[in-house]
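Source file: start36.pdb. Holds: PDB, C-alpha atoms.
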ATOM      1  CA  MET A  30      30.817  42.725 143.081
ATOM      2  CA  ALA A  31      31.302  40.853 146.312
ATOM      3  CA  THR A  32      34.862  39.854 147.080
ATOM      4  CA  VAL A  33      35.616  36.146 147.099
ATOM      5  CA  GLN A  34      37.175  35.703 150.510
ATOM      6  CA  THR A  35      38.703  32.302 150.902
ATOM      7  CA  ARG A  36      41.913  30.713 152.017
ATOM      8  CA  LEU A  37      43.368  28.119 149.729
ATOM      9  CA  PRO A  38      42.979  24.655 151.238
ATOM     10  CA  ASN A  39      45.828  22.951 153.030
ATOM     11  CA  PRO A  40      47.630  20.377 150.906
ATOM     12  CA  GLY A  41      47.502  16.679 151.476
ATOM     13  CA  PRO A  42      50.278  14.272 150.527
ATOM     14  CA  ALA A  43      49.201  14.121 146.877
ATOM     15  CA  MET A  44      49.220  17.917 146.630
ATOM     16  CA  LEU A  45      52.677  18.105 148.157
ATOM     17  CA  THR A  46      53.904  15.594 145.621
ATOM     18  CA  LEU A  47      52.636  17.780 142.801
ATOM     19  CA  ALA A  48      54.228  20.853 144.321
ATOM     20  CA  HIS A  49      57.617  19.211 144.778
ATOM     21  CA  HIS A  50      57.468  17.535 141.378
ATOM     22  CA  PRO A  51      55.330  19.776 139.134
ATOM     23  CA  GLY A  52      56.300  17.653 136.162
ATOM     24  CA  GLY A  53      54.053  14.964 137.619
ATOM     25  CA  MET A  54      51.091  17.128 136.654
ATOM     26  CA  ASP A  55      52.285  17.782 133.098
ATOM     27  CA  HIS A  56      53.198  15.583 130.173
ATOM     28  CA  PRO A  57      56.858  15.908 129.101
ATOM     29  CA  ILE A  58      55.776  17.138 125.672
ATOM     30  CA  PHE A  59      53.777  19.928 127.318
ATOM     31  CA  THR A  60      56.767  20.865 129.496
ATOM     32  CA  GLU A  61      59.035  21.023 126.452
ATOM     33  CA  SER A  62      56.432  23.042 124.567
ATOM     34  CA  ILE A  63      56.324  25.648 127.347
ATOM     35  CA  ARG A  64      60.131  25.860 127.304
ATOM     36  CA  ARG A  65      60.067  26.546 123.564
ATOM     37  CA  ILE A  66      57.267  29.101 123.917
ATOM     38  CA  ARG A  67      59.301  31.017 126.512
ATOM     39  CA  GLU A  68      62.326  30.868 124.260
ATOM     40  CA  ALA A  69      60.384  32.129 121.249
ATOM     41  CA  LEU A  70      58.766  35.022 123.132
ATOM     42  CA  ALA A  71      62.153  36.190 124.414
ATOM     43  CA  ALA A  72      64.093  35.646 121.174
ATOM     44  CA  PRO A  73      66.084  38.680 119.946
ATOM     45  CA  GLY A  74      64.146  38.731 116.675
ATOM     46  CA  ALA A  75      60.708  38.437 118.276
ATOM     47  CA  PRO A  76      58.329  41.417 117.985
ATOM     48  CA  GLU A  77      58.691  43.844 120.859
ATOM     49  CA  SER A  78      55.025  43.351 121.789
ATOM     50  CA  TRP A  79      55.697  39.637 122.366
ATOM     51  CA  ARG A  80      58.660  40.305 124.627
ATOM     52  CA  GLN A  81      56.762  42.941 126.585
ATOM     53  CA  ALA A  82      53.818  40.595 127.117
ATOM     54  CA  ALA A  83      56.108  37.835 128.393
ATOM     55  CA  GLN A  84      58.017  40.207 130.687
ATOM     56  CA  ARG A  85      54.910  41.931 132.043
ATOM     57  CA  TRP A  86      53.793  39.017 134.161
ATOM     58  CA  GLY A  87      57.096  37.555 135.345
ATOM     59  CA  GLN A  88      56.567  34.419 137.435
ATOM     60  CA  SER A  89      52.797  34.537 137.893
ATOM     61  CA  PRO A  90      49.555  32.716 137.114
ATOM     62  CA  GLU A  91      48.931  35.284 134.372
ATOM     63  CA  ARG A  92      52.027  34.019 132.603
ATOM     64  CA  ASP A  93      50.786  30.451 133.091
ATOM     65  CA  VAL A  94      47.531  31.433 131.373
ATOM     66  CA  LEU A  95      49.389  33.159 128.536
ATOM     67  CA  GLU A  96      51.685  30.200 127.916
ATOM     68  CA  ARG A  97      48.903  27.628 128.058
ATOM     69  CA  CYS A  98      46.770  29.661 125.635
ATOM     70  CA  ILE A  99      49.695  29.932 123.218
ATOM     71  CA  HIS A 100      50.252  26.200 123.535
ATOM     72  CA  SER A 101      46.577  25.489 122.847
ATOM     73  CA  SER A 102      46.351  27.816 119.843
ATOM     74  CA  GLY A 103      49.841  27.351 118.420
ATOM     75  CA  ASP A 104      49.876  31.132 117.959
ATOM     76  CA  LEU A 105      52.559  33.235 119.619
ATOM     77  CA  ALA A 106      50.945  36.389 118.225
ATOM     78  CA  ILE A 107      48.120  36.281 120.778
ATOM     79  CA  ALA A 108      50.575  37.334 123.508
ATOM     80  CA  PRO A 109      49.883  41.099 123.438
ATOM     81  CA  ASP A 110      46.128  40.591 122.993
ATOM     82  CA  LEU A 111      45.521  38.585 126.167
ATOM     83  CA  ILE A 112      44.068  41.050 128.673
ATOM     84  CA  PHE A 113      43.515  40.657 132.414
ATOM     85  CA  SER A 114      41.148  43.124 134.040
ATOM     86  CA  PRO A 115      42.477  44.836 137.182
ATOM     87  CA  ALA A 116      40.031  42.817 139.271
ATOM     88  CA  ALA A 117      41.292  39.590 137.706
ATOM     89  CA  ALA A 118      44.988  40.314 138.154
ATOM     90  CA  VAL A 119      46.601  38.139 140.777
ATOM     91  CA  HIS A 120      50.147  39.476 140.793
ATOM     92  CA  GLU A 121      49.471  42.837 142.414
ATOM     93  CA  PRO A 122      50.427  43.080 146.096
ATOM     94  CA  GLY A 123      47.321  42.865 148.257
ATOM     95  CA  ALA A 124      44.977  42.233 145.304
ATOM     96  CA  ALA A 125      42.400  39.458 145.537
ATOM     97  CA  SER A 126      43.235  36.401 143.481
ATOM     98  CA  TRP A 127      39.770  36.150 142.003
ATOM     99  CA  GLY A 128      40.083  33.191 139.724
ATOM    100  CA  LEU A 129      42.492  31.200 141.880
ATOM    101  CA  ALA A 130      40.551  31.702 145.095
ATOM    102  CA  ALA A 131      37.199  30.922 143.505
ATOM    103  CA  LEU A 132      38.383  27.739 141.836
ATOM    104  CA  ALA A 133      40.219  26.604 144.955
ATOM    105  CA  ALA A 134      37.025  27.095 146.953
ATOM    106  CA  GLY A 135      35.107  24.840 144.587
ATOM    107  CA  ALA A 136      33.359  27.391 142.368
ATOM    108  CA  PRO A 137      31.256  25.787 139.635
ATOM    109  CA  ILE A 138      32.567  26.211 136.099
ATOM    110  CA  LEU A 139      29.995  27.171 133.459
ATOM    111  CA  THR A 140      30.953  26.862 129.784
ATOM    112  CA  ASP A 141      29.133  27.780 126.592
ATOM    113  CA  THR A 142      30.131  24.597 124.740
ATOM    114  CA  ALA A 143      30.378  20.886 125.437
ATOM    115  CA  MET A 144      33.893  21.001 123.960
ATOM    116  CA  ALA A 145      35.122  23.429 126.606
ATOM    117  CA  ALA A 146      33.420  21.435 129.360
ATOM    118  CA  ALA A 147      35.106  18.255 128.140
ATOM    119  CA  ALA A 148      38.500  19.976 128.085
ATOM    120  CA  VAL A 149      38.181  21.442 131.590
ATOM    121  CA  GLY A 150      36.560  18.457 133.270
ATOM    122  CA  PRO A 151      39.685  16.296 133.684
ATOM    123  CA  MET A 152      41.744  19.093 135.275
ATOM    124  CA  ALA A 153      38.858  20.024 137.565
ATOM    125  CA  ARG A 154      38.549  16.415 138.715
ATOM    126  CA  ARG A 155      42.309  16.133 139.328
ATOM    127  CA  THR A 156      42.423  19.307 141.407
ATOM    128  CA  PHE A 157      39.499  20.737 143.411
ATOM    129  CA  GLY A 158      36.608  18.706 142.042
ATOM    130  CA  ASN A 159      34.791  21.758 140.692
ATOM    131  CA  PRO A 160      31.461  20.858 139.062
ATOM    132  CA  VAL A 161      31.572  21.644 135.331
ATOM    133  CA  HIS A 162      28.368  22.592 133.509
ATOM    134  CA  GLY A 163      27.498  23.373 129.897
ATOM    135  CA  LEU A 164      25.014  26.108 129.041
ATOM    136  CA  LEU A 165      23.233  23.867 126.576
ATOM    137  CA  ASP A 166      22.037  21.711 129.474
ATOM    138  CA  TRP A 167      19.526  24.540 130.058
ATOM    139  CA  ALA A 168      18.905  25.401 126.405
ATOM    140  CA  PRO A 169      15.601  24.879 124.554
ATOM    141  CA  PRO A 170      15.612  22.374 121.671
ATOM    142  CA  GLN A 171      15.405  25.223 119.173
ATOM    143  CA  ALA A 172      15.956  28.963 119.270
ATOM    144  CA  PRO A 173      13.506  31.395 117.659
ATOM    145  CA  PRO A 174      14.748  33.698 114.876
ATOM    146  CA  GLY A 175      17.225  36.267 116.126
ATOM    147  CA  GLU A 176      18.181  34.235 119.206
ATOM    148  CA  THR A 177      20.700  31.513 120.007
ATOM    149  CA  ARG A 178      20.205  28.489 122.237
ATOM    150  CA  SER A 179      23.209  29.495 124.360
ATOM    151  CA  ALA A 180      21.869  32.981 124.993
ATOM    152  CA  LEU A 181      18.461  31.661 125.968
ATOM    153  CA  ALA A 182      20.067  29.232 128.404
ATOM    154  CA  VAL A 183      22.036  31.869 130.327
ATOM    155  CA  ARG A 184      19.280  33.041 132.664
ATOM    156  CA  ALA A 185      18.139  29.537 133.563
ATOM    157  CA  ALA A 186      21.695  28.349 134.121
ATOM    158  CA  TRP A 187      22.600  31.343 136.265
ATOM    159  CA  GLN A 188      19.511  30.978 138.409
ATOM    160  CA  ALA A 189      20.174  27.257 138.861
ATOM    161  CA  LEU A 190      23.800  27.773 139.868
ATOM    162  CA  THR A 191      23.439  30.833 142.103
ATOM    163  CA  THR A 192      19.942  30.738 143.607
ATOM    164  CA  PRO A 193      19.569  28.836 146.903
ATOM    165  CA  GLY A 194      17.449  25.722 146.613
ATOM    166  CA  ASP A 195      17.582  22.239 148.037
ATOM    167  CA  ASP A 196      21.359  22.493 148.358
ATOM    168  CA  ALA A 197      21.247  26.066 149.688
ATOM    169  CA  ALA A 198      24.022  25.444 152.199
ATOM    170  CA  ALA A 199      26.451  24.325 149.510
ATOM    171  CA  ARG A 200      25.612  27.287 147.289
ATOM    172  CA  THR A 201      26.068  29.703 150.188
ATOM    173  CA  GLU A 202      29.513  28.368 151.029
ATOM    174  CA  ARG A 203      30.970  28.267 147.542
ATOM    175  CA  PRO A 204      31.804  31.257 145.326
ATOM    176  CA  ALA A 205      29.806  32.275 142.279
ATOM    177  CA  PRO A 206      30.601  30.377 139.073
ATOM    178  CA  VAL A 207      33.600  30.947 136.848
ATOM    179  CA  VAL A 208      32.210  31.476 133.342
ATOM    180  CA  LEU A 209      33.927  30.404 130.118
ATOM    181  CA  ILE A 210      32.661  31.895 126.841
ATOM    182  CA  GLY A 211      34.625  30.768 123.793
ATOM    183  CA  SER A 212      32.011  30.454 121.089
ATOM    184  CA  ALA A 213      28.828  32.451 121.687
ATOM    185  CA  PRO A 214      29.097  36.237 121.924
ATOM    186  CA  THR A 215      25.318  36.293 122.363
ATOM    187  CA  ALA A 216      25.708  34.284 125.575
ATOM    188  CA  LEU A 217      28.302  36.758 126.833
ATOM    189  CA  GLU A 218      25.978  39.652 126.028
ATOM    190  CA  ARG A 219      23.084  37.965 127.846
ATOM    191  CA  LEU A 220      25.271  37.283 130.890
ATOM    192  CA  LEU A 221      26.273  40.937 130.999
ATOM    193  CA  ASP A 222      22.596  41.906 130.773
ATOM    194  CA  LEU A 223      21.996  39.881 133.945
ATOM    195  CA  VAL A 224      25.038  40.751 136.059
ATOM    196  CA  GLY A 225      26.558  43.898 134.586
ATOM    197  CA  PRO A 226      25.946  47.405 135.922
ATOM    198  CA  VAL A 227      22.717  49.076 134.894
ATOM    199  CA  PRO A 228      23.446  51.427 131.936
ATOM    200  CA  GLY A 229      24.053  54.925 133.245
ATOM    201  CA  ALA A 230      24.591  53.753 136.828
ATOM    202  CA  VAL A 231      27.335  55.304 138.890
ATOM    203  CA  ALA A 232      30.586  53.416 139.327
ATOM    204  CA  GLY A 233      30.319  50.706 141.938
ATOM    205  CA  ALA A 234      26.542  50.427 141.610
ATOM    206  CA  ALA A 235      24.884  47.102 142.311
ATOM    207  CA  PRO A 236      24.629  44.566 139.467
ATOM    208  CA  ALA A 237      21.560  44.731 137.288
ATOM    209  CA  GLU A 238      19.780  41.565 138.426
ATOM    210  CA  MET A 239      21.910  38.754 139.793
ATOM    211  CA  VAL A 240      25.103  37.884 141.615
ATOM    212  CA  ALA A 241      28.239  38.550 139.581
ATOM    213  CA  PRO A 242      30.470  35.679 138.453
ATOM    214  CA  SER A 243      33.738  35.132 140.270
ATOM    215  CA  LEU A 244      35.547  35.405 136.944
ATOM    216  CA  VAL A 245      34.602  35.598 133.264
ATOM    217  CA  ILE A 246      36.974  34.144 130.697
ATOM    218  CA  GLY A 247      35.553  35.855 127.631
ATOM    219  CA  MET A 248      37.111  34.780 124.330
ATOM    220  CA  PRO A 249      34.278  34.310 121.822
ATOM    221  CA  VAL A 250      35.620  33.639 118.336
ATOM    222  CA  GLY A 251      34.348  35.009 115.040
ATOM    223  CA  PHE A 252      33.288  38.143 113.233
ATOM    224  CA  VAL A 253      29.637  38.757 114.148
ATOM    225  CA  GLY A 254      29.009  40.341 117.534
ATOM    226  CA  VAL A 255      32.412  39.296 118.869
ATOM    227  CA  ALA A 256      34.131  42.684 119.003
ATOM    228  CA  GLU A 257      31.034  44.291 120.529
ATOM    229  CA  SER A 258      30.723  41.666 123.260
ATOM    230  CA  LYS A 259      34.414  41.949 124.144
ATOM    231  CA  ARG A 260      34.211  45.732 124.348
ATOM    232  CA  ARG A 261      31.243  45.428 126.647
ATOM    233  CA  LEU A 262      33.062  42.906 128.843
ATOM    234  CA  ALA A 263      36.040  45.270 129.024
ATOM    235  CA  ALA A 264      33.780  48.039 130.344
ATOM    236  CA  SER A 265      31.723  45.826 132.661
ATOM    237  CA  GLY A 266      33.814  46.125 135.812
ATOM    238  CA  LEU A 267      33.676  42.344 136.209
ATOM    239  CA  ALA A 268      36.796  40.321 136.941
ATOM    240  CA  HIS A 269      37.664  38.883 133.563
ATOM    241  CA  ILE A 270      40.256  37.584 131.136
ATOM    242  CA  ARG A 271      39.649  38.336 127.470
ATOM    243  CA  LEU A 272      41.391  37.938 124.132
ATOM    244  CA  GLU A 273      41.102  40.997 121.937
ATOM    245  CA  GLY A 274      40.221  40.712 118.255
ATOM    246  CA  SER A 275      38.369  37.982 116.404
ATOM    247  CA  ARG A 276      40.348  35.070 117.836
ATOM    248  CA  GLY A 277      39.160  32.845 120.645
ATOM    249  CA  GLY A 278      37.364  29.537 120.924
ATOM    250  CA  SER A 279      36.569  26.663 123.245
ATOM    251  CA  GLY A 280      40.152  25.448 123.326
ATOM    252  CA  LEU A 281      41.459  28.800 124.475
ATOM    253  CA  VAL A 282      38.971  29.381 127.287
ATOM    254  CA  ALA A 283      39.563  25.820 128.488
ATOM    255  CA  ALA A 284      43.320  26.376 128.370
ATOM    256  CA  ALA A 285      43.003  29.547 130.447
ATOM    257  CA  CYS A 286      40.808  27.831 133.028
ATOM    258  CA  ASN A 287      43.092  24.803 133.222
ATOM    259  CA  ALA A 288      46.073  27.077 133.787
ATOM    260  CA  LEU A 289      44.274  28.709 136.726
ATOM    261  CA  LEU A 290      43.228  25.352 138.180
ATOM    262  CA  ARG A 291      46.794  24.097 137.965
ATOM    263  CA  ALA A 292      48.236  27.292 139.471
ATOM    264  CA  ALA A 293      45.718  27.253 142.326
ATOM    265  CA  TRP A 294      46.431  23.578 143.057
ATOM    266  CA  LEU A 295      50.184  24.093 143.197
ATOM    267  CA  GLN A 296      49.755  27.280 145.238
ATOM    268  CA  ALA A 297      47.637  25.318 147.700
ATOM    269  CA  ALA A 298      50.324  22.671 147.885
ATOM    270  CA  CYS A 299      52.860  25.312 148.894
ATOM    271  CA  SER A 300      50.598  26.897 151.533
ATOM    272  CA  PRO A 301      51.494  26.212 155.167
ATOM    273  CA  ARG A 302      49.389  23.521 156.771
ATOM    274  CA  ASP A 303      47.631  24.049 160.100
TER     275      ASP A 303
END

Write the structure described by the file as structure tokens, please.
Amino acid sequence: MATVQTRLPNPGPAMLTLAHHPGGMDHPIFTESIRRIREALAAPGAPESWRQAAQRWGQSPERDVLERCIHSSGDLAIAPDLIFSPAAAVHEPGAASWGLAALAAGAPILTDTAMAAAAVGPMARRTFGNPVHGLLDWAPPQAPPGETRSALAVRAAWQALTTPGDDAAARTERPAPVVLIGSAPTALERLLDLVGPVPGAVAGAAPAEMVAPSLVIGMPVGFVGVAESKRRLAASGLAHIRLEGSRGGSGLVAAACNALLRAAWLQAACSPRD
């Protein structure tokens, strides 16, 4: 997978305002909710796995993602099940900040549901202006037996968003899409068919067919095909964030993406200007 090499953009006056007054980006109820989430995770009577999850990330974008996902789901118990792949981790010294850098550089955001696209769109517009797309824009009107519309749309969407065309210059300059899968494990499986390593290939081998996504936020919800798709994502070598178990959904993947957009925007605001 090619490294996303980008420097976060220099902040303008509006970005500096957000950095100096982060509350201006968040509703007071959200701010109070995060305070209560932190308090609950660190409470003496909280399960040890909750406290460990909260302490693991310290002051980092990973913690922002965790807290925003808890806020979106209302479920503190997801804390130990939120997993960041090594390639996705942004707190390690010298490690690439895959999600932050890609979003800050304008990477397109591809979601598997209109609900997730609607939830991410406002934050994308308020920050880096990332284009937000839904898989169903490329889906056929009906899926044949044994298929889903989302899965069938994956190849067409990926080709449209990563293959040079009339706007080849723009596609060359921006990173590969950030992919959000909160509903359709079949879409996640089809994406991995396209960009994951060829079965049996040696570690570090080239992707199967197409350019790899900058980041996959893989949290399909349900009981059919969900565990299998998450296990495959875990073994894919792709930069990803996933939620173990049967939980997930459009709200959670949107929350994770919005947390990264917010963190990248505020990080950009704190970067030295030329």

Open item on the list: Under the PyMOL selection byres ((chain A and resi 285) around 12), which residues of this model are included? Write them out as a PyMOL selection string.
Closed with: chain A and resi 90-102+111-113+128-129+145+148-149+152+207-211+244-248+269-272+277-284+286-292

Write a file of the just-selected residues containing C-alpha atoms, as a short mmCIF file (atom, residue, chain, number, x, y, z; two decimals), keeping the file's coordinate frame.
data_model
loop_
_atom_site.label_atom_id
_atom_site.label_comp_id
_atom_site.auth_asym_id
_atom_site.auth_seq_id
_atom_site.Cartn_x
_atom_site.Cartn_y
_atom_site.Cartn_z
CA PRO A 90 49.56 32.72 137.11
CA GLU A 91 48.93 35.28 134.37
CA ARG A 92 52.03 34.02 132.60
CA ASP A 93 50.79 30.45 133.09
CA VAL A 94 47.53 31.43 131.37
CA LEU A 95 49.39 33.16 128.54
CA GLU A 96 51.68 30.20 127.92
CA ARG A 97 48.90 27.63 128.06
CA CYS A 98 46.77 29.66 125.64
CA ILE A 99 49.70 29.93 123.22
CA HIS A 100 50.25 26.20 123.54
CA SER A 101 46.58 25.49 122.85
CA SER A 102 46.35 27.82 119.84
CA LEU A 111 45.52 38.58 126.17
CA ILE A 112 44.07 41.05 128.67
CA PHE A 113 43.52 40.66 132.41
CA GLY A 128 40.08 33.19 139.72
CA LEU A 129 42.49 31.20 141.88
CA ALA A 145 35.12 23.43 126.61
CA ALA A 148 38.50 19.98 128.08
CA VAL A 149 38.18 21.44 131.59
CA MET A 152 41.74 19.09 135.28
CA VAL A 207 33.60 30.95 136.85
CA VAL A 208 32.21 31.48 133.34
CA LEU A 209 33.93 30.40 130.12
CA ILE A 210 32.66 31.90 126.84
CA GLY A 211 34.62 30.77 123.79
CA LEU A 244 35.55 35.40 136.94
CA VAL A 245 34.60 35.60 133.26
CA ILE A 246 36.97 34.14 130.70
CA GLY A 247 35.55 35.85 127.63
CA MET A 248 37.11 34.78 124.33
CA HIS A 269 37.66 38.88 133.56
CA ILE A 270 40.26 37.58 131.14
CA ARG A 271 39.65 38.34 127.47
CA LEU A 272 41.39 37.94 124.13
CA GLY A 277 39.16 32.84 120.64
CA GLY A 278 37.36 29.54 120.92
CA SER A 279 36.57 26.66 123.24
CA GLY A 280 40.15 25.45 123.33
CA LEU A 281 41.46 28.80 124.48
CA VAL A 282 38.97 29.38 127.29
CA ALA A 283 39.56 25.82 128.49
CA ALA A 284 43.32 26.38 128.37
CA CYS A 286 40.81 27.83 133.03
CA ASN A 287 43.09 24.80 133.22
CA ALA A 288 46.07 27.08 133.79
CA LEU A 289 44.27 28.71 136.73
CA LEU A 290 43.23 25.35 138.18
CA ARG A 291 46.79 24.10 137.96
CA ALA A 292 48.24 27.29 139.47
#

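For the pair CA of Glu257 (chain A) and CA of Leu181 (chain A), the separation is 18.6 Å.
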
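Considering the residues A:Pro109, A:Pro214, A:Gly175, A:Pro170 and counting all atoms listed in the file, Arg80 (chain A) has its shortest atom-to-atom contact with A:Pro109.
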
Open item on the list: Let me make sure I understand: among A:Leu132, A:Glu202, A:Gln171, A:Ser114, which one has the smallest atom-to-atom distance to Arg154 (chain A) if we use all atoms listed in the file?
Closed with: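 Among the listed residues, A:Leu132 lies closest to Arg154 (chain A).
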
Open item on the list: Calculated over only C-alpha atoms, which of the candidates A:Ala143, A:Ala75, A:Leu217, A:Leu164 has the smallest distance to Gly254 (chain A)?
Closed with: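 Among the listed residues, the smallest separation from Gly254 (chain A) belongs to A:Leu217.
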
Task: Top pick for closest residue to Ala180 (chain A), considering A:Trp127, A:Trp167, A:Trp294, A:Trp86 and counting all atoms listed in the file - done: A:Trp167

Task: Point (51.4, 37.9, 123.0) neighbourhood (9 Å, only C-alpha atoms) written as a ChimeraX atom specification - done: /A:70,78-83,95,99,104-111

TODO: Could you tell me which of A:Val161, A:Val255, A:Ile66, A:Ala298 comes closest to Ala146 (chain A) if we count all atoms listed in the file?
DONE: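 Looking only at the distances to Ala146 (chain A), the closest residue turns out to be A:Val161.
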
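Rounded to one decimal, CA of Ala168 (chain A) and CA of Ala153 (chain A) lie 23.5 Å from each other.
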
Open item on the list: Need the shell around Pro206 (chain A): protein/DNA/RNA residues with any atom at most 8 Å away, counting only C-alpha atoms. Skip same-chain ones fewer than 3 positions apart. Format as a list in words?
Closed with: Ala131, Ala136, Pro137, Ile138, Leu139, Leu190, Thr191, Pro242, Ser243 and Leu244 of chain A

Task: Matched chain/residue IDs from the PyMOL selection byres ((chain A and resi 184) around 12), as JSON, numbers by chain - done: {"A": [164, 165, 167, 168, 178, 179, 180, 181, 182, 183, 185, 186, 187, 188, 189, 190, 191, 192, 216, 217, 218, 219, 220, 221, 222, 223, 224, 238, 239, 240]}

Task: Two-atom distance - CA of Val250 (chain A), CA of Pro76 (chain A) (Å) - done: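 Interatomic distance here is 24.0 Å.
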
Open item on the list: From the options A:Gly150, A:Gly274, A:Pro173, A:Gly266, which residue's atoms come nearest to Val253 (chain A), counting only C-alpha atoms?
Closed with: A:Gly274
